[in-house]
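Here is the structure we will look at.
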Amino acid sequence: MIWNWEFAAEALPILLRGFVNTLIATVVGTIIATVLGLILAVAIRGLPRWINWIVRLLVAFVRNTPLVVQLIFVYYIFAGIPGLVDVPALVIGFIVIGIHYSTYMSESYRAGIDSVPPGQFEAATALSLPPVRTFTAVVLPQALRATIPSLGNYAVAMFKDTPFLFAISVVELVTSAQQFGAAKFAYTEAFTLAGIIFLVASYPTSLLIQRLDRRLATY
Amino acid sequence: MTENLTTLLNFLPQLWEGVRVTIILTVVGSLGAVIIALALGLAMTSTHAWLRVPARIIVEFFRGTSLLVQLFWLFYVFPLLGVELDPMICGIGALALNYGAYSAEVVRSSITTVDKGQWEAAIALSLSPSRRMIRVIFPQAWALMIPSLATLLIQLLKGTAVVSFITLQDLTDKITQLRQSTNDTYFAFTVGLIIYFVIAWLIQEFMNFLERRATAALGRRRPNSRTDRREARRLARADAVRKDRSTSRAAADDGGGDGLGTGPESGPASGQGGRL
């Protein structure tokens, strides 16, 4: 085994600096995905049939094609539009990741809304609540209870997908590990540390989500 | 546009090469993942801690570290340890390990969801543990796990795109080449994404077929299957027609009963009475 503690000590601060970008991409991506996912879920329920069909097709398209290819695609599109050339790759990264995962999250929201008993809708109608209030005050709070754990799981999945930003050369955790490894020829230390950082960050989070899931479970 | 199409036509053989690499990675990677998933998943349901605990640790390890980290580990670190791996093997290995760990969790949870009575019945019939698993528990768990495995399989297909980072010329790599030769970003990527989408759709259809077969083997029907939905639609239509009839009947009765005691079953007679 070749393991050099000096290289490891040298790599760690560089990796942690890359990790900051990973975290930014994850957090902003999650915010975009949760908001857009809800909009998509509501839109798919409410829109007229043929628009609905187009939206569903687009959602399926984004969901079933690789994130890496989407990242490269949008990166080139931005590079081709004069006003958008200066947009940092990280911004493109979290926008694309956010949109990609919003298609997953919209499915969770849909399941959550479907899990609200029909009696709740009927009661809201009987109380003649306006539709918007029915949705925000009656349906959504109950739907979110069923949705939040799976949103959390998607956030963790997104976190583990942020290394794909390598494709558009955002210096996040794995990219910085790769660069450090190439410069010092110390791939062992760099990638092992990167793996450990991922594990240390994601495992406790998924345990927390499991506990949350059990606490929020209604049945 | 016509220029693009001629370039695409000339590029087709190369594009096919890329598609082939992607398909090989998907198929071999998923076979590897299934083997790993079955081994680890079964080990995790074991009653022996010495099997269960290591399996759990392996699964959490490969789930917790990112796919790309594993891929780069195989590609960059193994040569330093004296093991030179072909990029193709690295790609297949990383995909199989990563998605195998995810699928192992699916296998485990499906096996534990199989009804307790089935386990008890198998024990009562004094089937040996291996026969119990193979003949009774697993066929039922298999039907349960296919939908989740289908999702993971499509994830794996999407994951294959990362092998372009380790010099493999897969579909993703060919798309960027097509972009360079046509100089049209939108065209090249639309073509590429549609190919990925079609492969994903084929996978989904195949998994639906497997699920139909697995549930049919149990003498059940797939939840929300096409036949079920057709049946539900037929019932809803019949219901609507019946409702329609009873309302028109009520109208014909002309306030005579206000629906009092005129159930839809006693319909025809009272309807005629109204008309007479």
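Residues in the structure tokens are named by chain (A, B, ... in the order shown) and by number from 1 within that chain; ligands are numbered from 1 in the order shown.
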Give one line per residue of chain A that approaches chain B to at most 10 Å, naming the two atoms of the closest pair and their distance in Å to one decimal, counting only C-alpha atoms; sort by chain then ascending residue number and deliver it as CSV.
residue,atom,partner,partner_atom,distance
A:Met1,CA,B:Leu81,CA,6.8
A:Ile2,CA,B:Leu81,CA,7.4
A:Ala60,CA,B:Phe197,CA,8.6
A:Phe61,CA,B:Phe197,CA,6.4
A:Val62,CA,B:Phe197,CA,8.8
A:Arg63,CA,B:Phe197,CA,9.0
A:Asn64,CA,B:Phe197,CA,5.7
A:Thr65,CA,B:Phe197,CA,5.6
A:Pro66,CA,B:Lys158,CA,4.2
A:Leu67,CA,B:Lys158,CA,7.1
A:Val68,CA,B:Ala161,CA,6.3
A:Val69,CA,B:Thr172,CA,6.4
A:Gln70,CA,B:Leu193,CA,8.2
A:Ile72,CA,B:Thr176,CA,8.6
A:Phe73,CA,B:Phe189,CA,6.3
A:Val74,CA,B:Thr185,CA,9.3
A:Tyr76,CA,B:Thr185,CA,6.8
A:Ile77,CA,B:Thr185,CA,7.0
A:Gly80,CA,B:Thr185,CA,8.7
A:Val156,CA,B:Gly64,CA,9.4
A:Ala157,CA,B:Ser66,CA,9.2
A:Phe159,CA,B:Ser66,CA,8.7
A:Lys160,CA,B:Ser66,CA,5.1
A:Asp161,CA,B:Ser66,CA,7.0
A:Thr162,CA,B:Ser66,CA,8.8
A:Pro163,CA,B:Leu68,CA,6.4
A:Phe164,CA,B:Val162,CA,7.3
A:Phe166,CA,B:Phe165,CA,8.5
A:Ala167,CA,B:Phe165,CA,7.6
A:Leu173,CA,B:Val69,CA,9.6
A:Val174,CA,B:Val69,CA,6.7
A:Thr175,CA,B:Val69,CA,9.8
A:Ala177,CA,B:Val69,CA,9.3
A:Gln178,CA,B:Phe72,CA,8.2
A:Gly181,CA,B:Tyr76,CA,8.8
A:Ala182,CA,B:Tyr76,CA,9.4
A:Phe185,CA,B:Leu80,CA,9.3
A:Ala186,CA,B:Val77,CA,8.6
A:Tyr187,CA,B:Val77,CA,5.7
A:Thr188,CA,B:Val77,CA,5.3
A:Glu189,CA,B:Val77,CA,9.0
A:Ala190,CA,B:Trp73,CA,9.5
A:Phe191,CA,B:Trp73,CA,6.3
A:Thr192,CA,B:Trp73,CA,7.7
A:Leu193,CA,B:Val69,CA,9.8
A:Ala194,CA,B:Val69,CA,7.1
A:Gly195,CA,B:Thr65,CA,5.2
A:Ile196,CA,B:Thr65,CA,7.2
A:Ile197,CA,B:Thr65,CA,8.3
A:Phe198,CA,B:Thr65,CA,5.3
A:Leu199,CA,B:Gly64,CA,4.7
A:Val200,CA,B:Gly64,CA,8.2
A:Ala201,CA,B:Gly64,CA,8.5
A:Ser202,CA,B:Gly64,CA,6.0
A:Tyr203,CA,B:Gly64,CA,6.0
A:Pro204,CA,B:Gly64,CA,9.8
A:Ser206,CA,B:Gly64,CA,9.2
Exercise. Which residues, written as a list of chain:residue names, have at least one atom at most 7 Å from stretch 94-109 of chain B, with only C-alpha atoms counted and residues fewer than 4 positions away on the same chain left out?
Worked result: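 These residues fall inside the cut-off: B:Gly29, B:Ser30, B:Gly32, B:Ala33, B:Val34, B:Ile36, B:Ala37, B:Leu38, B:Leu40, B:Gly41, B:Leu42, B:Met44, B:Thr45, B:Val59, B:Phe62, B:Arg63, B:Leu67, B:Gln70, B:Leu71, B:Cys90, B:Thr113, B:Met145, B:Ser148, B:Leu149, B:Leu156.
Between atom CA of A:Val55 and atom CA of B:Glu205 there is a distance of 21.1 Å.
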Exercise. Can you list, as a PyMOL selection string, every protein, DNA or RNA residue that comes within 7 Å of stretch 92-97 of chain A when you count only C-alpha atoms, leaving out same-chain residues fewer than 5 positions away?
Worked result: chain A and resi 25+28-29+71+75+165
Would you output that residue set with C-alpha atoms, as a short mmCIF file (atom, residue, chain, number, x, y, z; two decimals), in the first residue's frame?
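Result file selection-v2.cif:
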data_model
loop_
_atom_site.label_atom_id
_atom_site.label_comp_id
_atom_site.auth_asym_id
_atom_site.auth_seq_id
_atom_site.Cartn_x
_atom_site.Cartn_y
_atom_site.Cartn_z
CA ALA A 25 -24.35 23.25 -5.74
CA VAL A 28 -28.99 25.85 -4.28
CA GLY A 29 -29.87 22.84 -6.45
CA LEU A 71 -24.88 19.65 -18.14
CA TYR A 75 -22.95 24.64 -20.85
CA LEU A 165 -20.06 18.86 -12.52
#
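Nearest residue to A:Gly152 among A:Ala79, A:Leu40, A:Ile54, A:Met105 is A:Met105, counting only C-alpha atoms.
Here the question is which of A:Gln179, A:Asn4, A:Thr134, A:Ser108 gets nearest to A:Ser150 using only C-alpha atoms, and that residue is A:Ser108.
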Seminar exercise, completed: B:Ile203 proximity check over B:Arg20, B:Arg226, B:Arg245, B:Pro147, using only C-alpha atoms: winner is B:Pro147
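Atom pair atom CA of A:Glu172 / atom CA of B:Leu178 has a distance of 27.9 Å (rounded to one decimal).
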Exercise. Contacts of A:Arg45 at 12 Å or less, counting only C-alpha atoms, minus same-chain residues fewer than 5 places along, as a ChimeraX atom specification?
Worked result: /A:38-40,51-53,55-56,106-107,109-111,113-114
For this session: Using atom CA of A:Gln142 and atom CA of A:Asp213 as the two end points, give the distance in Å to one decimal.
Result: 14.1 Å
